[in-house]
file upload_4.txt (compact mmCIF, C-alpha atoms)
# COMPACT_ATOMS: atom_id res chain seq x y z
CA MET G 29 33.92 144.77 -28.49
CA ALA G 30 35.24 146.17 -31.69
CA THR G 31 33.57 145.01 -34.85
CA GLY G 32 34.67 144.94 -38.43
CA ALA G 33 32.37 147.91 -39.08
CA GLN G 34 34.16 150.18 -36.64
CA GLU G 35 37.94 150.19 -36.57
CA ILE G 36 39.58 151.38 -33.36
CA ASN G 37 42.34 153.97 -33.54
CA VAL G 38 44.81 152.37 -31.14
CA LYS G 39 47.09 155.38 -30.69
CA GLN G 40 44.11 157.69 -30.23
CA LEU G 41 42.67 155.44 -27.55
CA VAL G 42 45.95 155.05 -25.66
CA LEU G 43 47.46 158.53 -26.01
CA TYR G 44 44.52 160.90 -26.06
CA SER G 45 41.19 159.33 -25.14
CA GLY G 46 40.07 160.23 -21.62
CA SER G 47 37.83 157.26 -20.79
CA PHE G 48 39.67 153.98 -20.22
CA GLY G 49 37.81 151.18 -18.47
CA PRO G 50 36.85 147.54 -19.06
CA ARG G 51 34.85 148.36 -22.20
CA GLU G 52 37.73 150.27 -23.82
CA ILE G 53 40.18 147.56 -22.83
CA ASP G 54 37.98 144.88 -24.44
CA GLU G 55 37.82 146.98 -27.62
CA LEU G 56 41.60 147.38 -27.60
CA ARG G 57 42.23 143.66 -27.07
CA GLU G 58 39.84 142.75 -29.85
CA GLU G 59 41.45 145.22 -32.24
CA ILE G 60 45.04 144.09 -31.71
CA SER G 61 43.93 140.45 -32.00
CA ARG G 62 42.12 141.17 -35.26
CA ASP G 63 45.09 142.89 -36.92
CA PRO G 64 48.73 142.09 -35.95
CA LYS G 65 49.79 145.55 -37.16
CA LYS G 66 47.66 147.04 -34.42
CA PHE G 67 49.79 145.24 -31.85
CA ASP G 68 52.84 147.09 -33.17
CA GLU G 69 50.85 150.32 -32.94
CA LEU G 70 50.07 149.53 -29.32
CA LYS G 71 53.74 148.99 -28.53
CA GLU G 72 54.59 152.30 -30.21
CA ALA G 73 51.87 154.06 -28.24
CA VAL G 74 53.16 152.58 -24.97
CA ASN G 75 56.70 153.75 -25.73
CA GLU G 76 55.40 157.22 -26.57
CA LEU G 77 53.33 157.36 -23.40
CA LYS G 78 56.37 156.38 -21.31
CA THR G 79 58.34 159.35 -22.66
CA LYS G 80 55.80 161.93 -21.45
CA ASP G 81 56.82 164.34 -18.71
CA GLU G 82 56.04 163.40 -15.14
CA ASP G 83 53.40 166.11 -14.83
CA GLU G 84 51.56 164.61 -17.82
CA LEU G 85 51.49 161.15 -16.28
CA SER G 86 48.56 161.50 -13.92
CA PRO G 87 47.52 158.51 -11.78
CA ALA G 88 44.75 157.75 -14.32
CA VAL G 89 47.23 157.84 -17.23
CA ARG G 90 49.58 155.55 -15.32
CA VAL G 91 46.74 153.04 -14.96
CA LYS G 92 46.20 153.15 -18.71
CA LEU G 93 49.94 152.70 -19.26
CA GLY G 94 50.07 149.77 -16.84
CA VAL G 95 47.15 147.96 -18.47
CA CYS G 96 48.65 148.44 -21.95
CA GLN G 97 52.01 147.17 -20.72
CA PHE G 98 50.21 144.09 -19.42
CA LEU G 99 48.62 143.54 -22.83
CA ILE G 100 52.00 143.57 -24.59
CA GLY G 101 53.55 141.23 -22.01
CA LYS G 102 55.72 143.77 -20.14
CA TYR G 103 54.66 142.50 -16.74
CA ASP G 104 57.32 144.12 -14.53
CA ASP G 105 56.76 147.49 -16.21
CA SER G 106 53.02 147.04 -15.84
CA PHE G 107 53.29 146.41 -12.11
CA ALA G 108 55.49 149.49 -11.62
CA SER G 109 53.07 151.73 -13.55
CA LEU G 110 49.99 150.43 -11.75
CA LYS G 111 51.69 151.01 -8.38
CA LYS G 112 51.67 154.71 -9.23
CA GLY G 113 48.04 154.59 -10.39
CA ASP G 114 44.88 155.80 -8.71
CA GLY G 115 44.39 152.70 -6.56
CA GLY G 116 40.95 152.00 -7.99
CA ALA G 117 39.15 148.76 -8.82
CA LEU G 118 40.80 148.45 -12.25
CA VAL G 119 44.26 148.69 -10.71
CA HIS G 120 43.58 145.89 -8.23
CA PHE G 121 41.99 143.73 -10.92
CA TYR G 122 45.16 143.93 -13.01
CA PHE G 123 47.31 143.45 -9.92
CA ALA G 124 45.43 140.15 -9.54
CA LYS G 125 46.17 139.15 -13.14
CA LEU G 126 49.84 140.07 -12.73
CA HIS G 127 50.18 138.07 -9.52
CA ALA G 128 48.54 135.10 -11.27
CA VAL G 129 51.01 135.35 -14.17
CA LYS G 130 53.88 135.31 -11.66
CA GLN G 131 52.29 132.37 -9.82
CA GLU G 132 51.85 134.47 -6.70
CA TYR G 133 48.50 132.86 -6.08
CA ASP G 134 47.64 134.05 -2.56
CA GLU G 135 48.35 137.63 -3.60
CA ALA G 136 46.22 137.15 -6.72
CA ILE G 137 43.21 135.98 -4.66
CA ALA G 138 43.61 138.93 -2.29
CA ALA G 139 43.80 141.37 -5.20
CA TYR G 140 40.65 139.96 -6.80
CA ASN G 141 38.86 140.38 -3.46
CA THR G 142 40.07 143.97 -3.18
CA ALA G 143 39.02 144.73 -6.76
CA GLN G 144 35.56 143.33 -6.06
CA SER G 145 35.24 145.37 -2.85
CA ALA G 146 36.28 148.47 -4.81
CA GLY G 147 33.46 147.96 -7.29
CA TYR G 148 34.83 145.71 -10.06
CA ASN G 149 32.33 143.29 -11.62
CA VAL G 150 31.57 140.59 -9.04
CA ASP G 151 31.14 137.78 -11.57
CA ILE G 152 34.40 138.56 -13.38
CA CYS G 153 36.32 138.60 -10.09
CA ALA G 154 34.78 135.25 -9.14
CA LEU G 155 35.85 133.77 -12.48
CA GLY G 156 39.35 135.12 -11.89
CA ARG G 157 39.50 133.47 -8.47
CA ALA G 158 38.24 130.18 -9.95
CA GLU G 159 41.16 130.18 -12.38
CA VAL G 160 43.70 130.97 -9.66
CA TYR G 161 42.36 128.26 -7.35
CA ARG G 162 42.61 125.77 -10.24
CA ASP G 163 46.21 126.78 -10.90
CA MET G 164 46.91 126.29 -7.19
CA GLY G 165 45.48 122.77 -7.39
CA LYS G 166 42.58 123.73 -5.13
CA LEU G 167 39.98 122.27 -7.43
CA THR G 168 37.16 122.14 -4.87
CA GLN G 169 37.45 125.89 -4.24
CA SER G 170 37.62 126.53 -7.98
CA LEU G 171 34.41 124.59 -8.56
CA GLN G 172 32.73 126.33 -5.61
CA GLU G 173 33.45 129.76 -7.09
CA LEU G 174 31.77 128.64 -10.30
CA ASP G 175 28.81 127.01 -8.54
CA TYR G 176 28.07 130.24 -6.65
CA LEU G 177 27.52 132.06 -9.95
CA SER G 178 24.14 132.12 -11.61
CA GLY G 179 22.17 133.96 -14.24
CA ALA G 180 23.46 135.45 -17.47
CA VAL G 181 27.11 134.85 -16.57
CA GLU G 182 26.57 131.09 -16.98
CA GLN G 183 26.11 131.59 -20.72
CA THR G 184 29.28 133.63 -21.20
CA ALA G 185 32.37 132.22 -22.91
CA GLU G 186 34.56 132.95 -19.88
CA TYR G 187 32.30 131.03 -17.49
CA LEU G 188 31.97 128.06 -19.86
CA TYR G 189 35.74 128.00 -20.38
CA GLN G 190 36.52 128.14 -16.65
CA ARG G 191 34.08 125.31 -15.93
CA ALA G 192 35.49 123.21 -18.79
CA ALA G 193 39.07 123.71 -17.58
CA THR G 194 38.10 122.87 -14.00
CA VAL G 195 36.18 119.74 -15.05
CA ASN G 196 39.26 118.71 -17.04
CA ALA G 197 41.58 119.32 -14.08
CA ILE G 198 39.36 117.28 -11.77
CA GLY G 199 39.55 114.41 -14.25
CA GLY G 200 35.87 114.37 -15.06
CA ASN G 201 34.16 113.30 -18.23
CA PRO G 202 36.35 114.39 -21.19
CA GLN G 203 33.27 114.66 -23.42
CA GLU G 204 31.71 117.09 -20.93
CA ALA G 205 34.82 119.28 -20.98
CA VAL G 206 34.94 119.29 -24.79
CA ALA G 207 31.23 120.17 -24.97
CA LEU G 208 31.81 123.10 -22.61
CA TYR G 209 34.79 124.32 -24.64
CA GLU G 210 32.68 124.13 -27.79
CA ARG G 211 29.86 126.10 -26.15
CA ALA G 212 32.40 128.72 -25.06
CA VAL G 213 33.71 129.09 -28.61
CA ALA G 214 30.13 129.30 -29.89
CA ALA G 215 29.51 132.16 -27.43
CA ASP G 216 32.78 133.87 -28.39
CA PRO G 217 34.64 132.45 -31.43
CA ASN G 218 37.78 134.30 -30.34
CA HIS G 219 37.96 133.28 -26.67
CA PRO G 220 41.65 132.37 -26.25
CA GLY G 221 41.19 130.00 -23.30
CA ALA G 222 38.43 128.00 -24.95
CA LEU G 223 40.38 127.83 -28.22
CA TYR G 224 43.44 126.58 -26.32
CA GLY G 225 41.38 123.95 -24.50
CA LEU G 226 39.88 122.66 -27.74
CA ALA G 227 43.28 122.68 -29.43
CA LEU G 228 44.77 120.61 -26.61
CA GLU G 229 41.96 118.06 -26.79
CA ASN G 230 42.35 117.74 -30.56
CA GLU G 231 46.11 117.33 -30.30
CA ARG G 232 45.66 114.57 -27.73
CA ARG G 233 43.43 112.78 -30.20
CA GLY G 234 45.93 113.17 -33.06
CA ASN G 235 43.94 115.84 -34.94
CA ASP G 236 47.03 117.95 -35.57
CA ASP G 237 45.62 120.07 -38.40
CA VAL G 238 42.58 121.08 -36.33
CA ALA G 239 44.77 121.70 -33.28
CA LEU G 240 47.11 123.91 -35.33
CA GLU G 241 44.28 126.14 -36.51
CA LEU G 242 42.85 126.47 -32.98
CA TYR G 243 46.24 127.21 -31.41
CA GLN G 244 46.87 129.87 -34.06
CA ARG G 245 43.57 131.55 -33.30
CA ALA G 246 44.29 131.46 -29.56
CA ALA G 247 47.80 132.87 -30.09
CA ALA G 248 46.37 135.89 -31.92
CA HIS G 249 45.16 137.27 -28.57
CA PHE G 250 47.29 139.32 -26.21
CA PRO G 251 48.72 138.70 -23.75
CA THR G 252 49.01 135.14 -24.99
CA ASN G 253 49.02 132.16 -22.65
CA VAL G 254 52.49 130.59 -22.43
CA GLY G 255 51.03 127.11 -22.85
CA THR G 256 49.39 128.19 -26.10
CA LEU G 257 52.67 129.52 -27.51
CA MET G 258 54.74 126.54 -26.38
CA ASN G 259 52.30 123.95 -27.72
CA LEU G 260 51.85 125.84 -30.97
CA GLY G 261 55.61 126.17 -31.35
CA ILE G 262 56.19 122.46 -30.79
CA LEU G 263 53.40 121.50 -33.17
CA CYS G 264 54.68 123.90 -35.84
CA GLU G 265 58.18 122.50 -35.53
CA ASP G 266 56.86 118.96 -35.82
CA MET G 267 55.03 120.01 -39.01
CA GLU G 268 58.24 121.70 -40.25
CA LEU G 269 56.71 125.19 -39.99
CA TYR G 270 59.97 126.42 -38.52
CA GLU G 271 59.45 130.18 -38.94
CA GLN G 272 56.14 130.02 -37.06
CA ALA G 273 57.71 127.87 -34.36
CA GLN G 274 60.56 130.33 -33.94
CA SER G 275 58.10 133.21 -33.56
CA CYS G 276 56.19 131.35 -30.83
CA PHE G 277 59.24 130.54 -28.72
CA GLN G 278 60.61 134.06 -29.17
CA ARG G 279 57.32 135.54 -27.95
CA VAL G 280 57.59 133.45 -24.78
CA LEU G 281 61.14 134.68 -24.21
CA ASP G 282 60.12 138.28 -24.83
CA ALA G 283 57.79 138.04 -21.84
CA TYR G 284 59.83 135.54 -19.81
CA PRO G 285 63.54 135.90 -20.69
CA MET G 286 64.53 133.21 -18.17
CA ASN G 287 62.23 130.50 -19.57
CA LYS G 288 64.81 127.75 -20.15
CA ARG G 289 62.39 125.44 -21.95
CA ALA G 290 61.51 128.07 -24.55
CA ALA G 291 65.20 128.93 -24.98
CA LEU G 292 66.11 125.28 -25.65
CA TYR G 293 63.27 124.82 -28.12
CA LEU G 294 64.23 128.05 -29.88
CA LYS G 295 67.78 126.73 -30.22
CA ASP G 296 66.45 123.54 -31.82
CA VAL G 297 64.26 125.48 -34.25
CA LYS G 298 67.11 127.74 -35.32
CA ALA G 299 69.24 124.67 -35.95
CA SER G 300 66.44 123.21 -38.09
CA LEU G 301 66.14 126.48 -40.01
CA ASN G 302 69.87 126.54 -40.66
CA MET G 303 69.75 122.95 -41.83
CA LYS G 304 66.83 123.74 -44.11
CA SER G 305 68.41 126.85 -45.62
CA ASP G 306 71.84 125.34 -46.12
CA SER G 307 71.60 121.60 -46.68
CA SER G 308 75.31 121.49 -47.41
CA ASN G 309 75.87 121.84 -43.66
CA ASP G 310 74.23 118.45 -43.15
CA ASP G 311 77.06 115.98 -43.63
CA GLU G 312 76.62 112.69 -45.43
CA ASN G 313 76.67 110.58 -42.27
CA ASN G 314 73.81 112.48 -40.66
CA MET G 315 71.75 112.29 -43.84
CA ARG G 316 72.33 108.55 -44.03
CA ALA G 317 71.40 108.14 -40.35
CA ARG G 318 68.10 109.90 -40.93
CA LEU G 319 67.42 107.71 -43.94
CA LEU G 320 68.21 104.50 -42.08
CA ALA G 321 65.99 105.55 -39.15
CA GLN G 322 62.88 105.80 -41.34
CA PRO G 323 60.25 103.23 -40.26
CA ILE G 324 59.36 100.47 -42.70
CA THR G 325 55.71 101.39 -42.16
CA ASN G 326 56.35 104.60 -44.11
CA PHE G 327 56.63 102.61 -47.36
CA GLU G 328 54.15 100.67 -49.45
CA LEU G 329 54.85 96.94 -49.35
CA SER G 330 52.72 93.87 -49.92
CA GLN G 331 51.16 92.24 -46.89
CA ARG G 332 53.36 89.16 -47.35
CA SER G 333 56.51 91.27 -47.21
CA ARG G 334 55.21 93.17 -44.20
CA ASN G 335 54.44 89.96 -42.33
CA CYS G 336 57.91 88.61 -43.03
CA LEU G 337 59.65 91.79 -41.88
CA ALA G 338 57.51 91.95 -38.75
CA ALA G 339 58.46 88.35 -37.91
CA MET G 340 62.13 89.32 -38.29
CA GLN G 341 61.57 92.39 -36.05
CA VAL G 342 62.62 94.68 -38.89
CA GLU G 343 61.32 98.14 -37.99
CA THR G 344 63.49 100.59 -39.97
CA LEU G 345 65.36 100.74 -43.26
CA GLY G 346 68.53 100.33 -41.20
CA ASP G 347 67.20 97.09 -39.72
CA LEU G 348 66.37 95.85 -43.23
CA CYS G 349 69.82 96.65 -44.61
CA LYS G 350 71.33 94.48 -41.89
CA HIS G 351 69.88 91.38 -43.54
CA THR G 352 71.05 89.49 -46.62
CA GLU G 353 69.00 88.09 -49.49
CA GLN G 354 69.58 84.59 -48.17
CA GLU G 355 68.20 85.50 -44.73
CA LEU G 356 65.04 86.91 -46.26
CA LEU G 357 64.52 83.97 -48.61
CA ALA G 358 64.92 81.62 -45.66
CA MET G 359 61.73 83.01 -44.15
CA GLN G 360 58.55 81.00 -44.64
CA ASN G 361 56.29 82.31 -47.46
CA PHE G 362 58.95 84.78 -48.58
CA GLY G 363 59.89 84.31 -52.24
CA GLU G 364 61.55 86.01 -55.17
CA THR G 365 58.60 88.35 -55.74
CA SER G 366 58.83 89.77 -52.19
CA LEU G 367 62.62 89.92 -52.45
CA ASN G 368 62.47 91.94 -55.68
CA GLU G 369 59.89 94.27 -54.10
CA ILE G 370 62.20 95.00 -51.16
CA LYS G 371 65.30 95.34 -53.34
CA THR G 372 63.47 97.90 -55.51
CA LEU G 373 62.46 99.86 -52.43
CA LEU G 374 66.04 99.99 -51.19
CA GLN G 375 67.49 100.83 -54.60
CA ASN G 376 65.13 103.82 -54.84
CA LYS G 377 66.68 105.03 -51.59
CA GLY G 378 70.26 104.34 -52.64
CA LEU G 379 70.50 101.37 -50.27
CA GLU G 380 70.97 97.62 -50.59
CA LEU G 381 70.63 94.48 -48.52
CA GLY G 382 73.60 93.46 -46.40
CA ALA G 383 75.19 96.90 -46.75
CA ASN G 384 74.60 98.27 -43.26
CA THR G 385 76.58 95.86 -41.17
CA GLY G 386 78.97 98.50 -39.96
CA GLY G 387 76.67 101.48 -39.56
CA LYS G 388 76.15 103.61 -36.51
CA GLY G 389 72.50 102.74 -36.07
CA SER G 390 71.15 100.38 -33.43
CA ALA G 391 69.53 98.04 -35.94
CA GLY G 392 70.31 94.45 -35.01
CA VAL G 393 71.52 95.32 -31.49
CA PRO G 394 70.45 92.31 -29.42
CA GLU G 395 68.55 92.39 -26.19
CA PRO G 396 71.09 92.49 -23.33
CA VAL G 397 71.66 89.06 -21.81
CA ASP G 398 71.87 88.08 -18.14
CA LEU G 399 69.37 90.69 -17.01
CA THR G 400 68.23 90.43 -13.42
CA PRO G 401 64.47 90.02 -12.87
CA GLU G 402 64.33 93.67 -11.75
CA GLU G 403 66.19 94.84 -14.87
CA LEU G 404 64.03 92.70 -17.12
CA GLU G 405 60.90 94.21 -15.58
CA LYS G 406 62.20 97.70 -16.43
CA HIS G 407 63.02 96.68 -20.00
CA GLU G 408 59.57 95.21 -20.56
CA ARG G 409 57.73 98.32 -19.38
CA PRO G 410 55.93 100.30 -22.11
CA VAL G 411 57.76 103.44 -23.14
CA ALA G 412 54.56 105.34 -22.24
CA ASP G 413 55.54 104.85 -18.57
CA LEU G 414 58.26 107.48 -19.12
CA GLU G 415 55.51 110.13 -19.60
CA LEU G 416 57.38 111.83 -22.43
CA SER G 417 56.50 115.14 -24.04
CA VAL G 418 54.50 115.22 -27.27
CA ARG G 419 57.61 115.72 -29.40
CA ALA G 420 59.51 112.83 -27.81
CA ARG G 421 56.46 110.54 -28.00
CA LYS G 422 56.14 111.21 -31.72
CA CYS G 423 59.77 110.22 -32.21
CA MET G 424 59.12 106.97 -30.34
CA ASN G 425 56.21 106.29 -32.69
CA ARG G 426 58.28 107.05 -35.79
CA LEU G 427 61.01 104.66 -34.68
CA GLY G 428 58.50 102.00 -33.64
CA ILE G 429 59.78 101.99 -30.04
CA ARG G 430 57.21 100.33 -27.81
CA THR G 431 59.14 99.37 -24.67
CA ILE G 432 61.85 100.91 -22.51
CA GLY G 433 64.09 98.00 -23.47
CA GLU G 434 63.77 98.89 -27.14
CA LEU G 435 64.58 102.51 -26.29
CA VAL G 436 67.79 101.78 -24.36
CA ARG G 437 69.04 99.73 -27.33
CA LYS G 438 69.05 102.98 -29.30
CA SER G 439 71.96 105.41 -29.21
CA ALA G 440 71.76 109.18 -28.96
CA GLU G 441 72.71 109.33 -32.65
CA ASP G 442 69.76 107.09 -33.54
CA LEU G 443 67.32 109.39 -31.79
CA LEU G 444 68.84 112.61 -33.08
CA ALA G 445 68.46 111.28 -36.60
CA CYS G 446 64.68 111.25 -36.13
CA LYS G 447 62.84 114.23 -37.64
CA ASN G 448 62.34 117.14 -35.20
CA PHE G 449 64.14 115.33 -32.38
CA GLY G 450 66.75 117.69 -30.94
CA VAL G 451 69.03 118.10 -27.95
CA THR G 452 66.11 119.21 -25.75
CA SER G 453 64.24 115.96 -26.34
CA LEU G 454 67.45 113.95 -25.92
CA LYS G 455 68.03 115.58 -22.55
CA GLU G 456 64.45 114.74 -21.57
CA ILE G 457 64.92 111.08 -22.55
CA ASN G 458 68.14 110.82 -20.56
CA GLU G 459 66.53 112.37 -17.49
CA LYS G 460 63.53 110.03 -17.69
CA LEU G 461 65.74 106.94 -18.09
CA ALA G 462 67.95 108.05 -15.20
CA LYS G 463 64.95 107.63 -12.87
CA TYR G 464 65.10 103.92 -13.76
CA ASN G 465 68.90 103.82 -13.52
CA LEU G 466 69.03 103.21 -17.27
CA LYS G 467 70.94 104.83 -20.14
CA LEU G 468 70.86 104.89 -23.91
CA ARG G 469 73.28 102.62 -25.73
CA GLY G 470 76.78 104.08 -25.71
CA GLU G 471 76.10 106.58 -22.91

call {"tool": "encode", "arguments": {"input": "upload_4.txt", "output": "structure tokens"}}
result
Amino acid sequence: MATGAQEINVKQLVLYSGSFGPREIDELREEISRDPKKFDELKEAVNELKTKDEDELSPAVRVKLGVCQFLIGKYDDSFASLKKGDGGALVHFYFAKLHAVKQEYDEAIAAYNTAQSAGYNVDICALGRAEVYRDMGKLTQSLQELDYLSGAVEQTAEYLYQRAATVNAIGGNPQEAVALYERAVAADPNHPGALYGLALENERRGNDDVALELYQRAAAHFPTNVGTLMNLGILCEDMELYEQAQSCFQRVLDAYPMNKRAALYLKDVKASLNMKSDSSNDDENNMRARLLAQPITNFELSQRSRNCLAAMQVETLGDLCKHTEQELLAMQNFGETSLNEIKTLLQNKGLELGANTGGKGSAGVPEPVDLTPEELEKHERPVADLELSVRARKCMNRLGIRTIGELVRKSAEDLLACKNFGVTSLKEINEKLAKYNLKLRGE
């Protein structure tokens, strides 16, 4: 691997150096991960290599070209170049990786076997097969590949990562998987798979700042895992790091132009960027809707006021504005001091009690009456049963939505007013509700 003491000349290595095997490829990957400018140099070198005359593109040079195209995410070009290569072990190893990327799993296993027979490192091929079997859902075979390995390979970052990911997929002890990921990162602080695994575990536990840093480190490696880029993009958007989010989704589309999910998220991010750069485009109604959708829990109130509002099922500023002073004062243990506290809060936001009786929000929308037992059972289910994406779940938390019934009493406008909730998430919500034959209010 390249070290800080010895900088690799990317163009020299790609265009002129004769030797090009696993060691040189590792050096190249490390160098372009260390310095983003080196990635641009690699792309320039690939373009220059492609323009060489046919007689200059020997089978060995075509292998080098194909591997470099794989590193920059040009998978179709990589496959075409490798097809014209020398047919050696390196070619079949990268055929295996390309088939895995395209989810052609049987072909990937066969290519790893061929690469191993041709002389490629046995342990590395076994680790490759373990990953493919896991992606196929054949977890027993994946674990068997790992169990067959022994010796020094068991202390490598790649082995520890593959075992952690397989333990996770099987549904084993989460602490065991995390410990394995941590050991992998200790063995190689820049291992992209282990960094991704740790980032995912931290995000699941709500450690967003730690997850962000780990995702960013994983995304610095090429080619970058699609899951890493998508999760990093979503997390960046949720943290209002829109430029970074846009870069992540664009990188996915550069490698997979037909990825509809990345295209939809990119559209959302661009809309957020436009809104951020030109706030005048955000009309007064939308701004008010976002304000009214803010949860009461976002604001500092005395415990007495909180208890009163909770008893009245007031969850957002919009809910609060639905009520009058008299309604609040009618609550037990709610006096002038609490009233003045709430009025001051609303005044600071340009709002007042009793002033939201005709708004577009769903505050105060009653539970539908005359529900059948089957419909009532659906309404009482926790919203977690919908198995929403991270972004949609965070919106549910912000709005204080705990049940499916509370969700269907919201309108599309209510949800879209929530920070970082866009048309992609709205479409997801509608699709999930449709499975229960339910719709949002007004749909």

call {"tool": "residues_around", "arguments": {"input": "upload_4.txt", "residues": "G:Asn230", "least_positions_apart": "3", "cutoff": "12 Å", "atoms": "only C-alpha atoms", "output": "MDAnalysis selection string"}}
result
chainID G and resid 202:203 206 209:210 223:227 233:243 263

call {"tool": "closest_atom_pairs", "arguments": {"input": "upload_4.txt", "of": "stretch 184-280 of chain G", "to": "stretch 100-118 of chain G", "cutoff": "9 Å", "atoms": "only C-alpha atoms", "output": "Markdown table"}}
result
| residue | atom | partner | partner_atom | distance |
| --- | --- | --- | --- | --- |
| G:Phe250 | CA | G:Ile100 | CA | 6.5 |
| G:Pro251 | CA | G:Gly101 | CA | 5.7 |
| G:Thr252 | CA | G:Gly101 | CA | 8.2 |

call {"tool": "write_last_selection", "arguments": {"input": "upload_4.txt", "atoms": "C-alpha atoms", "output": "PDB file, in the coordinates of the input"}}
result
ATOM      1  CA  PHE G 250      47.290 139.320 -26.210  1.00  0.00           C
ATOM      2  CA  PRO G 251      48.720 138.700 -23.750  1.00  0.00           C
ATOM      3  CA  THR G 252      49.010 135.140 -24.990  1.00  0.00           C
TER       4      THR G 252
END

call {"tool": "closest_residue", "arguments": {"input": "upload_4.txt", "among": "G:Ala214, G:Leu466, G:Ala207, G:Val119", "to": "G:Pro87", "atoms": "all atoms listed in the file"}}
result
G:Val119

call {"tool": "atom_distance", "arguments": {"input": "upload_4.txt", "atom1": "atom CA of G:His120", "atom2": "atom CA of G:Asn75"}}
result
23.2 Å

call {"tool": "closest_atom_pairs", "arguments": {"input": "upload_4.txt", "of": "stretch 227-312 of chain G", "to": "stretch 413-437 of chain G", "cutoff": "12 Å", "atoms": "only C-alpha atoms", "output": "Markdown table"}}
result
| residue | atom | partner | partner_atom | distance |
| --- | --- | --- | --- | --- |
| G:Leu228 | CA | G:Val418 | CA | 11.1 |
| G:Glu231 | CA | G:Val418 | CA | 9.2 |
| G:Arg232 | CA | G:Val418 | CA | 8.9 |
| G:Arg233 | CA | G:Val418 | CA | 11.7 |
| G:Gly234 | CA | G:Lys422 | CA | 10.5 |
| G:Asp236 | CA | G:Val418 | CA | 11.5 |
| G:Met258 | CA | G:Val418 | CA | 11.4 |
| G:Asn259 | CA | G:Val418 | CA | 9.0 |
| G:Leu260 | CA | G:Val418 | CA | 11.6 |
| G:Gly261 | CA | G:Arg419 | CA | 10.8 |
| G:Ile262 | CA | G:Arg419 | CA | 7.0 |
| G:Leu263 | CA | G:Arg419 | CA | 8.1 |
| G:Cys264 | CA | G:Arg419 | CA | 10.8 |
| G:Glu265 | CA | G:Arg419 | CA | 9.2 |
| G:Asp266 | CA | G:Arg419 | CA | 7.2 |
| G:Met267 | CA | G:Arg419 | CA | 10.8 |
| G:Tyr293 | CA | G:Arg419 | CA | 10.8 |

call {"tool": "atom_distance", "arguments": {"input": "upload_4.txt", "atom1": "atom CA of G:Lys371", "atom2": "atom CA of G:Leu357"}}
result
12.3 Å

call {"tool": "closest_residue", "arguments": {"input": "upload_4.txt", "among": "G:Leu379, G:Tyr464, G:Leu320, G:Glu135", "to": "G:Glu402", "atoms": "all atoms listed in the file"}}
result
G:Tyr464

call {"tool": "atom_distance", "arguments": {"input": "upload_4.txt", "atom1": "atom CA of G:Val95", "atom2": "atom CA of G:Asp81"}}
result
19.0 Å

call {"tool": "residues_around", "arguments": {"input": "upload_4.txt", "residues": "G:Leu337", "least_positions_apart": "3", "cutoff": "10 Å", "atoms": "all atoms listed in the file", "output": "ChimeraX atom specification"}}
result
/G:324,331-334,340-344,347-348,356,359,362

call {"tool": "residues_around", "arguments": {"input": "upload_4.txt", "residues": "G:Ile198", "least_positions_apart": "6", "cutoff": "10 Å", "atoms": "only C-alpha atoms", "output": "list in words"}}
result
Arg162, Gly165, Lys166, Leu167, Thr168, Leu171 and Ala192 of chain G

call {"tool": "closest_residue", "arguments": {"input": "upload_4.txt", "among": "G:Cys336, G:Lys298, G:Phe277, G:Tyr122", "to": "G:Ala139", "atoms": "all atoms listed in the file"}}
result
G:Tyr122

call {"tool": "closest_residue", "arguments": {"input": "upload_4.txt", "among": "G:Leu367, G:Cys96, G:Ala317, G:Leu373", "to": "G:Asp54", "atoms": "all atoms listed in the file"}}
result
G:Cys96

call {"tool": "closest_residue", "arguments": {"input": "upload_4.txt", "among": "G:Arg62, G:Ser453, G:Glu72, G:Asn37", "to": "G:Arg245", "atoms": "all atoms listed in the file"}}
result
G:Arg62

call {"tool": "closest_residue", "arguments": {"input": "upload_4.txt", "among": "G:Arg289, G:Arg469, G:Arg318, G:Lys463", "to": "G:Val451", "atoms": "only C-alpha atoms"}}
result
G:Arg289

call {"tool": "residues_around", "arguments": {"input": "upload_4.txt", "residues": "G:Val254", "least_positions_apart": "5", "cutoff": "10 Å", "atoms": "only C-alpha atoms", "output": "compact mmCIF listing (two decimals) with C-alpha atoms, in the coordinates of the input"}}
result
# COMPACT_ATOMS: atom_id res chain seq x y z
CA VAL G 129 51.01 135.35 -14.17
CA ALA G 247 47.80 132.87 -30.09
CA ASN G 259 52.30 123.95 -27.72
CA LEU G 260 51.85 125.84 -30.97
CA CYS G 276 56.19 131.35 -30.83
CA PHE G 277 59.24 130.54 -28.72
CA ARG G 279 57.32 135.54 -27.95
CA VAL G 280 57.59 133.45 -24.78
CA LEU G 281 61.14 134.68 -24.21
CA ALA G 283 57.79 138.04 -21.84
CA TYR G 284 59.83 135.54 -19.81
CA ALA G 290 61.51 128.07 -24.55
